[in-house]
$ cat work.pdb   # PDB, C-alpha atoms
ATOM      1  CA  MET A   1       0.000   0.000   0.000  1.00  0.00           C
ATOM      2  CA  ARG A   2       1.076   3.567  -0.687  1.00  0.00           C
ATOM      3  CA  SER A   3       1.199   5.105   2.759  1.00  0.00           C
ATOM      4  CA  ALA A   4       3.418   7.419   4.765  1.00  0.00           C
ATOM      5  CA  SER A   5       3.677   9.158   8.111  1.00  0.00           C
ATOM      6  CA  ILE A   6       5.147  12.572   8.854  1.00  0.00           C
ATOM      7  CA  SER A   7       5.874  14.236  12.180  1.00  0.00           C
ATOM      8  CA  ARG A   8       6.555  17.965  12.191  1.00  0.00           C
ATOM      9  CA  LYS A   9       7.360  19.982  15.296  1.00  0.00           C
ATOM     10  CA  THR A  10       8.054  23.702  15.451  1.00  0.00           C
ATOM     11  CA  ALA A  11       7.755  26.374  18.128  1.00  0.00           C
ATOM     12  CA  GLU A  12       4.192  26.937  16.832  1.00  0.00           C
ATOM     13  CA  THR A  13       2.818  23.459  16.106  1.00  0.00           C
ATOM     14  CA  ASP A  14       3.329  19.769  16.800  1.00  0.00           C
ATOM     15  CA  ILE A  15       1.812  17.644  14.023  1.00  0.00           C
ATOM     16  CA  ALA A  16       1.540  13.942  13.238  1.00  0.00           C
ATOM     17  CA  VAL A  17       0.023  12.834   9.917  1.00  0.00           C
ATOM     18  CA  THR A  18      -0.477   9.414   8.367  1.00  0.00           C
ATOM     19  CA  VAL A  19      -1.988   8.952   4.905  1.00  0.00           C
ATOM     20  CA  ASN A  20      -2.826   5.794   2.986  1.00  0.00           C
ATOM     21  CA  LEU A  21      -3.616   6.556  -0.657  1.00  0.00           C
ATOM     22  CA  ASP A  22      -5.156   3.103  -1.153  1.00  0.00           C
ATOM     23  CA  GLY A  23      -7.561   3.310   1.746  1.00  0.00           C
ATOM     24  CA  THR A  24     -11.308   3.320   2.245  1.00  0.00           C
ATOM     25  CA  GLY A  25     -11.942   6.909   3.335  1.00  0.00           C
ATOM     26  CA  ARG A  26     -11.490   6.326   7.058  1.00  0.00           C
ATOM     27  CA  SER A  27     -10.257   9.322   9.035  1.00  0.00           C
ATOM     28  CA  THR A  28      -9.308  10.399  12.527  1.00  0.00           C
ATOM     29  CA  ILE A  29      -8.860  14.158  12.520  1.00  0.00           C
ATOM     30  CA  ALA A  30      -8.044  16.444  15.461  1.00  0.00           C
ATOM     31  CA  THR A  31      -6.588  19.808  14.453  1.00  0.00           C
ATOM     32  CA  GLY A  32      -8.207  21.850  17.209  1.00  0.00           C
ATOM     33  CA  ILE A  33     -10.111  23.718  14.467  1.00  0.00           C
ATOM     34  CA  GLY A  34     -13.588  22.296  14.011  1.00  0.00           C
ATOM     35  CA  PHE A  35     -14.141  23.549  10.474  1.00  0.00           C
ATOM     36  CA  LEU A  36     -10.755  22.292   9.273  1.00  0.00           C
ATOM     37  CA  ASP A  37     -11.489  18.903  10.866  1.00  0.00           C
ATOM     38  CA  HIS A  38     -14.703  18.831   8.820  1.00  0.00           C
ATOM     39  CA  MET A  39     -12.892  19.694   5.578  1.00  0.00           C
ATOM     40  CA  LEU A  40     -10.168  17.067   6.117  1.00  0.00           C
ATOM     41  CA  ASP A  41     -12.780  14.448   6.959  1.00  0.00           C
ATOM     42  CA  LEU A  42     -14.468  15.272   3.624  1.00  0.00           C
ATOM     43  CA  LEU A  43     -11.110  15.084   1.857  1.00  0.00           C
ATOM     44  CA  ALA A  44     -10.405  11.606   3.217  1.00  0.00           C
ATOM     45  CA  ARG A  45     -13.894  10.301   2.505  1.00  0.00           C
ATOM     46  CA  HIS A  46     -14.136  11.532  -1.081  1.00  0.00           C
ATOM     47  CA  ALA A  47     -10.536  10.733  -2.037  1.00  0.00           C
ATOM     48  CA  LEU A  48     -10.827   7.289  -0.386  1.00  0.00           C
ATOM     49  CA  PHE A  49      -7.619   8.027   1.508  1.00  0.00           C
ATOM     50  CA  ASP A  50      -7.214   6.805   5.069  1.00  0.00           C
ATOM     51  CA  LEU A  51      -6.096   9.830   7.021  1.00  0.00           C
ATOM     52  CA  ASP A  52      -4.926  10.393  10.593  1.00  0.00           C
ATOM     53  CA  VAL A  53      -4.138  13.985  11.540  1.00  0.00           C
ATOM     54  CA  LYS A  54      -3.236  15.265  15.010  1.00  0.00           C
ATOM     55  CA  VAL A  55      -2.318  18.937  15.427  1.00  0.00           C
ATOM     56  CA  ASP A  56      -1.371  20.706  18.643  1.00  0.00           C
ATOM     57  CA  GLY A  57      -0.977  24.352  17.748  1.00  0.00           C
ATOM     58  CA  ASP A  58      -0.805  27.842  19.179  1.00  0.00           C
ATOM     59  CA  LEU A  59      -4.530  28.456  18.863  1.00  0.00           C
ATOM     60  CA  HIS A  60      -4.301  31.057  21.636  1.00  0.00           C
ATOM     61  CA  ILE A  61      -2.719  33.268  18.951  1.00  0.00           C
ATOM     62  CA  ASP A  62      -4.972  32.311  16.023  1.00  0.00           C
ATOM     63  CA  GLN A  63      -5.654  29.429  13.644  1.00  0.00           C
ATOM     64  CA  HIS A  64      -3.126  30.368  10.960  1.00  0.00           C
ATOM     65  CA  HIS A  65      -0.117  28.316  12.050  1.00  0.00           C
ATOM     66  CA  SER A  66      -2.182  25.206  12.739  1.00  0.00           C
ATOM     67  CA  ALA A  67      -3.973  25.339   9.369  1.00  0.00           C
ATOM     68  CA  GLU A  68      -0.880  26.138   7.310  1.00  0.00           C
ATOM     69  CA  ASP A  69       1.406  23.640   9.059  1.00  0.00           C
ATOM     70  CA  CYS A  70      -1.279  20.968   8.718  1.00  0.00           C
ATOM     71  CA  GLY A  71      -1.228  21.571   4.944  1.00  0.00           C
ATOM     72  CA  ILE A  72       2.569  21.354   4.933  1.00  0.00           C
ATOM     73  CA  ALA A  73       2.669  18.055   6.844  1.00  0.00           C
ATOM     74  CA  LEU A  74      -0.168  16.478   4.876  1.00  0.00           C
ATOM     75  CA  GLY A  75       1.481  17.530   1.611  1.00  0.00           C
ATOM     76  CA  GLN A  76       4.780  15.976   2.699  1.00  0.00           C
ATOM     77  CA  ALA A  77       3.049  12.731   3.674  1.00  0.00           C
ATOM     78  CA  PHE A  78       1.176  12.659   0.352  1.00  0.00           C
ATOM     79  CA  ALA A  79       4.421  13.102  -1.626  1.00  0.00           C
ATOM     80  CA  LYS A  80       6.191  10.434   0.424  1.00  0.00           C
ATOM     81  CA  ALA A  81       3.296   7.986  -0.044  1.00  0.00           C
ATOM     82  CA  LEU A  82       3.389   8.501  -3.828  1.00  0.00           C
ATOM     83  CA  GLY A  83       7.042   7.509  -4.007  1.00  0.00           C
ATOM     84  CA  ASP A  84       8.395   7.623  -7.570  1.00  0.00           C
ATOM     85  CA  LYS A  85       4.832   7.925  -8.988  1.00  0.00           C
ATOM     86  CA  ARG A  86       5.138   4.866 -11.210  1.00  0.00           C
ATOM     87  CA  GLY A  87       1.866   3.953 -12.885  1.00  0.00           C
ATOM     88  CA  VAL A  88      -0.232   6.851 -11.597  1.00  0.00           C
ATOM     89  CA  THR A  89      -2.802   8.506 -13.837  1.00  0.00           C
ATOM     90  CA  ARG A  90      -1.112  11.850 -13.011  1.00  0.00           C
ATOM     91  CA  TYR A  91      -3.681  14.333 -14.374  1.00  0.00           C
ATOM     92  CA  ALA A  92      -7.272  14.784 -13.251  1.00  0.00           C
ATOM     93  CA  ASP A  93      -9.954  17.418 -13.119  1.00  0.00           C
ATOM     94  CA  ILE A  94     -13.483  17.740 -11.842  1.00  0.00           C
ATOM     95  CA  HIS A  95     -16.342  20.194 -11.531  1.00  0.00           C
ATOM     96  CA  LEU A  96     -17.704  19.778  -8.015  1.00  0.00           C
ATOM     97  CA  PRO A  97     -21.147  21.159  -7.126  1.00  0.00           C
ATOM     98  CA  MET A  98     -22.145  21.890  -3.554  1.00  0.00           C
ATOM     99  CA  ASP A  99     -25.680  23.239  -3.595  1.00  0.00           C
ATOM    100  CA  GLU A 100     -25.421  26.673  -5.284  1.00  0.00           C
ATOM    101  CA  ALA A 101     -21.592  26.626  -5.482  1.00  0.00           C
ATOM    102  CA  LEU A 102     -19.579  25.103  -8.308  1.00  0.00           C
ATOM    103  CA  THR A 103     -15.800  24.692  -8.186  1.00  0.00           C
ATOM    104  CA  ARG A 104     -13.407  23.379 -10.830  1.00  0.00           C
ATOM    105  CA  VAL A 105     -10.281  21.593  -9.562  1.00  0.00           C
ATOM    106  CA  CYS A 106      -7.490  20.474 -11.890  1.00  0.00           C
ATOM    107  CA  VAL A 107      -4.391  18.626 -10.676  1.00  0.00           C
ATOM    108  CA  ASP A 108      -1.107  17.453 -12.133  1.00  0.00           C
ATOM    109  CA  ILE A 109       1.107  15.268  -9.962  1.00  0.00           C
ATOM    110  CA  SER A 110       4.042  16.975 -11.633  1.00  0.00           C
ATOM    111  CA  GLY A 111       6.671  17.409  -8.959  1.00  0.00           C
ATOM    112  CA  ARG A 112       6.547  21.109  -9.935  1.00  0.00           C
ATOM    113  CA  PRO A 113       4.449  22.783  -7.250  1.00  0.00           C
ATOM    114  CA  PHE A 114       2.221  25.641  -8.309  1.00  0.00           C
ATOM    115  CA  LEU A 115      -1.145  26.909  -7.102  1.00  0.00           C
ATOM    116  CA  VAL A 116      -3.726  28.976  -8.920  1.00  0.00           C
ATOM    117  CA  PHE A 117      -6.541  29.705  -6.457  1.00  0.00           C
ATOM    118  CA  ARG A 118      -9.446  31.742  -7.817  1.00  0.00           C
ATOM    119  CA  THR A 119     -11.995  31.503  -5.069  1.00  0.00           C
ATOM    120  CA  VAL A 120     -13.519  34.502  -3.335  1.00  0.00           C
ATOM    121  CA  PHE A 121     -15.268  34.457   0.023  1.00  0.00           C
ATOM    122  CA  ARG A 122     -17.696  37.277   0.746  1.00  0.00           C
ATOM    123  CA  VAL A 123     -17.315  36.838   4.496  1.00  0.00           C
ATOM    124  CA  GLU A 124     -14.218  36.730   6.691  1.00  0.00           C
ATOM    125  CA  LYS A 125     -15.357  33.849   8.899  1.00  0.00           C
ATOM    126  CA  ILE A 126     -17.132  30.520   8.715  1.00  0.00           C
ATOM    127  CA  GLY A 127     -18.022  30.137  12.369  1.00  0.00           C
ATOM    128  CA  THR A 128     -14.671  30.908  14.019  1.00  0.00           C
ATOM    129  CA  PHE A 129     -12.628  29.833  10.971  1.00  0.00           C
ATOM    130  CA  ASP A 130     -10.913  32.555   8.924  1.00  0.00           C
ATOM    131  CA  THR A 131     -11.902  32.026   5.289  1.00  0.00           C
ATOM    132  CA  GLU A 132      -8.490  33.264   4.099  1.00  0.00           C
ATOM    133  CA  LEU A 133      -7.023  30.105   5.661  1.00  0.00           C
ATOM    134  CA  VAL A 134      -8.648  27.978   2.953  1.00  0.00           C
ATOM    135  CA  ARG A 135      -6.167  29.371   0.428  1.00  0.00           C
ATOM    136  CA  GLU A 136      -3.308  29.127   2.937  1.00  0.00           C
ATOM    137  CA  TRP A 137      -4.016  25.432   3.456  1.00  0.00           C
ATOM    138  CA  PHE A 138      -4.220  24.755  -0.300  1.00  0.00           C
ATOM    139  CA  GLN A 139      -0.961  26.663  -0.880  1.00  0.00           C
ATOM    140  CA  ALA A 140       0.873  24.720   1.824  1.00  0.00           C
ATOM    141  CA  PHE A 141      -0.506  21.388   0.632  1.00  0.00           C
ATOM    142  CA  ALA A 142       0.254  21.930  -3.072  1.00  0.00           C
ATOM    143  CA  MET A 143       3.801  23.186  -2.461  1.00  0.00           C
ATOM    144  CA  ASN A 144       4.713  20.269  -0.214  1.00  0.00           C
ATOM    145  CA  ALA A 145       2.874  17.583  -2.189  1.00  0.00           C
ATOM    146  CA  GLY A 146       4.589  18.688  -5.414  1.00  0.00           C
ATOM    147  CA  LEU A 147       1.325  19.372  -7.217  1.00  0.00           C
ATOM    148  CA  THR A 148       0.361  21.766  -9.931  1.00  0.00           C
ATOM    149  CA  LEU A 149      -3.094  22.648  -8.650  1.00  0.00           C
ATOM    150  CA  HIS A 150      -5.759  24.936 -10.070  1.00  0.00           C
ATOM    151  CA  VAL A 151      -8.852  25.694  -7.980  1.00  0.00           C
ATOM    152  CA  GLU A 152     -11.517  28.055  -9.297  1.00  0.00           C
ATOM    153  CA  THR A 153     -14.978  28.604  -7.873  1.00  0.00           C
ATOM    154  CA  LEU A 154     -17.131  29.469 -10.861  1.00  0.00           C
ATOM    155  CA  TYR A 155     -19.997  30.701  -8.716  1.00  0.00           C
ATOM    156  CA  GLY A 156     -21.478  30.405  -5.260  1.00  0.00           C
ATOM    157  CA  ASP A 157     -22.859  32.449  -2.388  1.00  0.00           C
ATOM    158  CA  ASN A 158     -22.549  30.468   0.845  1.00  0.00           C
ATOM    159  CA  ALA A 159     -18.983  30.453   2.205  1.00  0.00           C
ATOM    160  CA  HIS A 160     -19.352  27.012   3.791  1.00  0.00           C
ATOM    161  CA  HIS A 161     -20.572  25.555   0.499  1.00  0.00           C
ATOM    162  CA  ILE A 162     -17.753  27.239  -1.432  1.00  0.00           C
ATOM    163  CA  ALA A 163     -15.059  25.895   0.902  1.00  0.00           C
ATOM    164  CA  GLU A 164     -16.620  22.450   0.882  1.00  0.00           C
ATOM    165  CA  SER A 165     -16.711  22.388  -2.921  1.00  0.00           C
ATOM    166  CA  CYS A 166     -12.976  23.227  -2.960  1.00  0.00           C
ATOM    167  CA  TYR A 167     -12.005  20.415  -0.583  1.00  0.00           C
ATOM    168  CA  LYS A 168     -14.362  17.838  -2.120  1.00  0.00           C
ATOM    169  CA  GLY A 169     -13.146  18.850  -5.579  1.00  0.00           C
ATOM    170  CA  LEU A 170      -9.545  18.357  -4.486  1.00  0.00           C
ATOM    171  CA  ALA A 171     -10.459  14.964  -3.027  1.00  0.00           C
ATOM    172  CA  ARG A 172     -12.133  13.716  -6.191  1.00  0.00           C
ATOM    173  CA  ALA A 173      -9.369  15.043  -8.457  1.00  0.00           C
ATOM    174  CA  LEU A 174      -6.656  13.442  -6.307  1.00  0.00           C
ATOM    175  CA  ARG A 175      -8.583  10.180  -6.182  1.00  0.00           C
ATOM    176  CA  LYS A 176      -8.427  10.021  -9.992  1.00  0.00           C
ATOM    177  CA  ALA A 177      -4.874  11.354 -10.327  1.00  0.00           C
ATOM    178  CA  VAL A 178      -3.286   8.845  -7.913  1.00  0.00           C
ATOM    179  CA  ALA A 179      -5.179   5.887  -9.380  1.00  0.00           C
ATOM    180  CA  ILE A 180      -2.950   3.293 -10.986  1.00  0.00           C
ATOM    181  CA  ASP A 181      -3.366   3.193 -14.766  1.00  0.00           C
ATOM    182  CA  PRO A 182      -2.811  -0.423 -15.882  1.00  0.00           C
ATOM    183  CA  ARG A 183      -1.809   0.796 -19.359  1.00  0.00           C
ATOM    184  CA  GLU A 184       1.225   2.552 -17.852  1.00  0.00           C
ATOM    185  CA  GLU A 185       2.638  -0.852 -16.864  1.00  0.00           C
ATOM    186  CA  GLY A 186       4.522   0.655 -13.934  1.00  0.00           C
ATOM    187  CA  ARG A 187       6.122   3.462 -15.926  1.00  0.00           C
ATOM    188  CA  VAL A 188       6.452   7.016 -14.698  1.00  0.00           C
ATOM    189  CA  PRO A 189       3.916   9.031 -16.732  1.00  0.00           C
ATOM    190  CA  SER A 190       6.394  11.511 -18.212  1.00  0.00           C
ATOM    191  CA  THR A 191       8.548  11.648 -21.331  1.00  0.00           C
ATOM    192  CA  LYS A 192      11.353  12.746 -19.005  1.00  0.00           C
ATOM    193  CA  GLY A 193      11.176   9.460 -17.130  1.00  0.00           C
ATOM    194  CA  SER A 194      10.705  11.076 -13.728  1.00  0.00           C
ATOM    195  CA  LEU A 195       8.329  13.416 -11.944  1.00  0.00           C
TER
END

$ encode --input "work.pdb" --output "structure tokens"
Amino acid sequence: MRSASISRKTAETDIAVTVNLDGTGRSTIATGIGFLDHMLDLLARHALFDLDVKVDGDLHIDQHHSAEDCGIALGQAFAKALGDKRGVTRYADIHLPMDEALTRVCVDISGRPFLVFRTVFRVEKIGTFDTELVREWFQAFAMNAGLTLHVETLYGDNAHHIAESCYKGLARALRKAVAIDPREEGRVPSTKGSL
């Protein structure tokens, strides 16, 4: 199975992450941020990744360090679990509806990290969660996972629905991109021979 664990400790956070790319969607999430727990639970379920995330962060300051460092650690675990990327589908995209919101997510497991994030929130908070942290998490995850990732919300009004469509869209795109393509016969899907 393609799985990996990462531990990351700084003066701001102490994080332990385990991901299994060939899982069933089981998750145990405890970031200390209820909304982020919800989003990561959705990510695991819709990607069919098994995911364990434990974050102890400086929430007495704010949620920024915990959210960003969680993205960093999860991205590192994802990259480690992928290994040399032999046989993966590599590219995937999806349009993900969540009630009135529609988000397009496109991913390339390229080894060349880049994020285009075109999603606007009309409010600063979803409950106690800062909506600007959605982009921060995606940035941290993409850079550390080695993904070229494009996320664009085409329309939507409700901030919760918009965020959920971003995370579910990422989950479904990653689920397709990491799938083993039997026609690749174990090759790395690149004319360069490596990703």

$ resolve_selection --input "work.pdb" --expression "the PyMOL selection byres ((chain A and resi 67-83) around 9)" --output "number ranges by chain"
A: 1-8, 12-21, 31, 33, 36, 53-55, 57, 63-66, 84-86, 88, 111, 133-134, 136-147, 178

$ resolve_selection --input "work.pdb" --expression "the PyMOL selection byres ((chain A and resi 154-164) around 10)" --output "PyMOL selection string"
chain A and resi 35+38-40+42-43+95-104+118-127+131+134-135+151-153+165-170

$ atom_distance --input "work.pdb" --atom1 "atom CA of A:Thr10" --atom2 "atom CA of A:Ala30"
17.7 Å

$ resolve_selection --input "work.pdb" --expression "the PyMOL selection byres ((chain A and resi 110) around 8)" --output "PDB file with C-alpha atoms, in the coordinates of the input"
ATOM      1  CA  ARG A  90      -1.112  11.850 -13.011  1.00  0.00           C
ATOM      2  CA  ASP A 108      -1.107  17.453 -12.133  1.00  0.00           C
ATOM      3  CA  ILE A 109       1.107  15.268  -9.962  1.00  0.00           C
ATOM      4  CA  GLY A 111       6.671  17.409  -8.959  1.00  0.00           C
ATOM      5  CA  ARG A 112       6.547  21.109  -9.935  1.00  0.00           C
ATOM      6  CA  PRO A 113       4.449  22.783  -7.250  1.00  0.00           C
ATOM      7  CA  GLY A 146       4.589  18.688  -5.414  1.00  0.00           C
ATOM      8  CA  LEU A 147       1.325  19.372  -7.217  1.00  0.00           C
ATOM      9  CA  THR A 148       0.361  21.766  -9.931  1.00  0.00           C
ATOM     10  CA  LEU A 195       8.329  13.416 -11.944  1.00  0.00           C
TER      11      LEU A 195
END

$ residues_around --input "work.pdb" --residues "stretch 45-49 of chain A" --least-positions-apart "5" --cutoff "8 Å" --atoms "all atoms listed in the file" --output "ChimeraX atom specification"
/A:19-27,168,171-175

$ atom_distance --input "work.pdb" --atom1 "atom CA of A:Leu149" --atom2 "atom CA of A:Val105"
7.3 Å

$ atom_distance --input "work.pdb" --atom1 "atom CA of A:Glu132" --atom2 "atom CA of A:Phe117"
11.3 Å

$ closest_residue --input "work.pdb" --among "A:Asp52, A:Asp93, A:Asp37, A:Asp58" --to "A:Lys176" --atoms "all atoms listed in the file"
A:Asp93
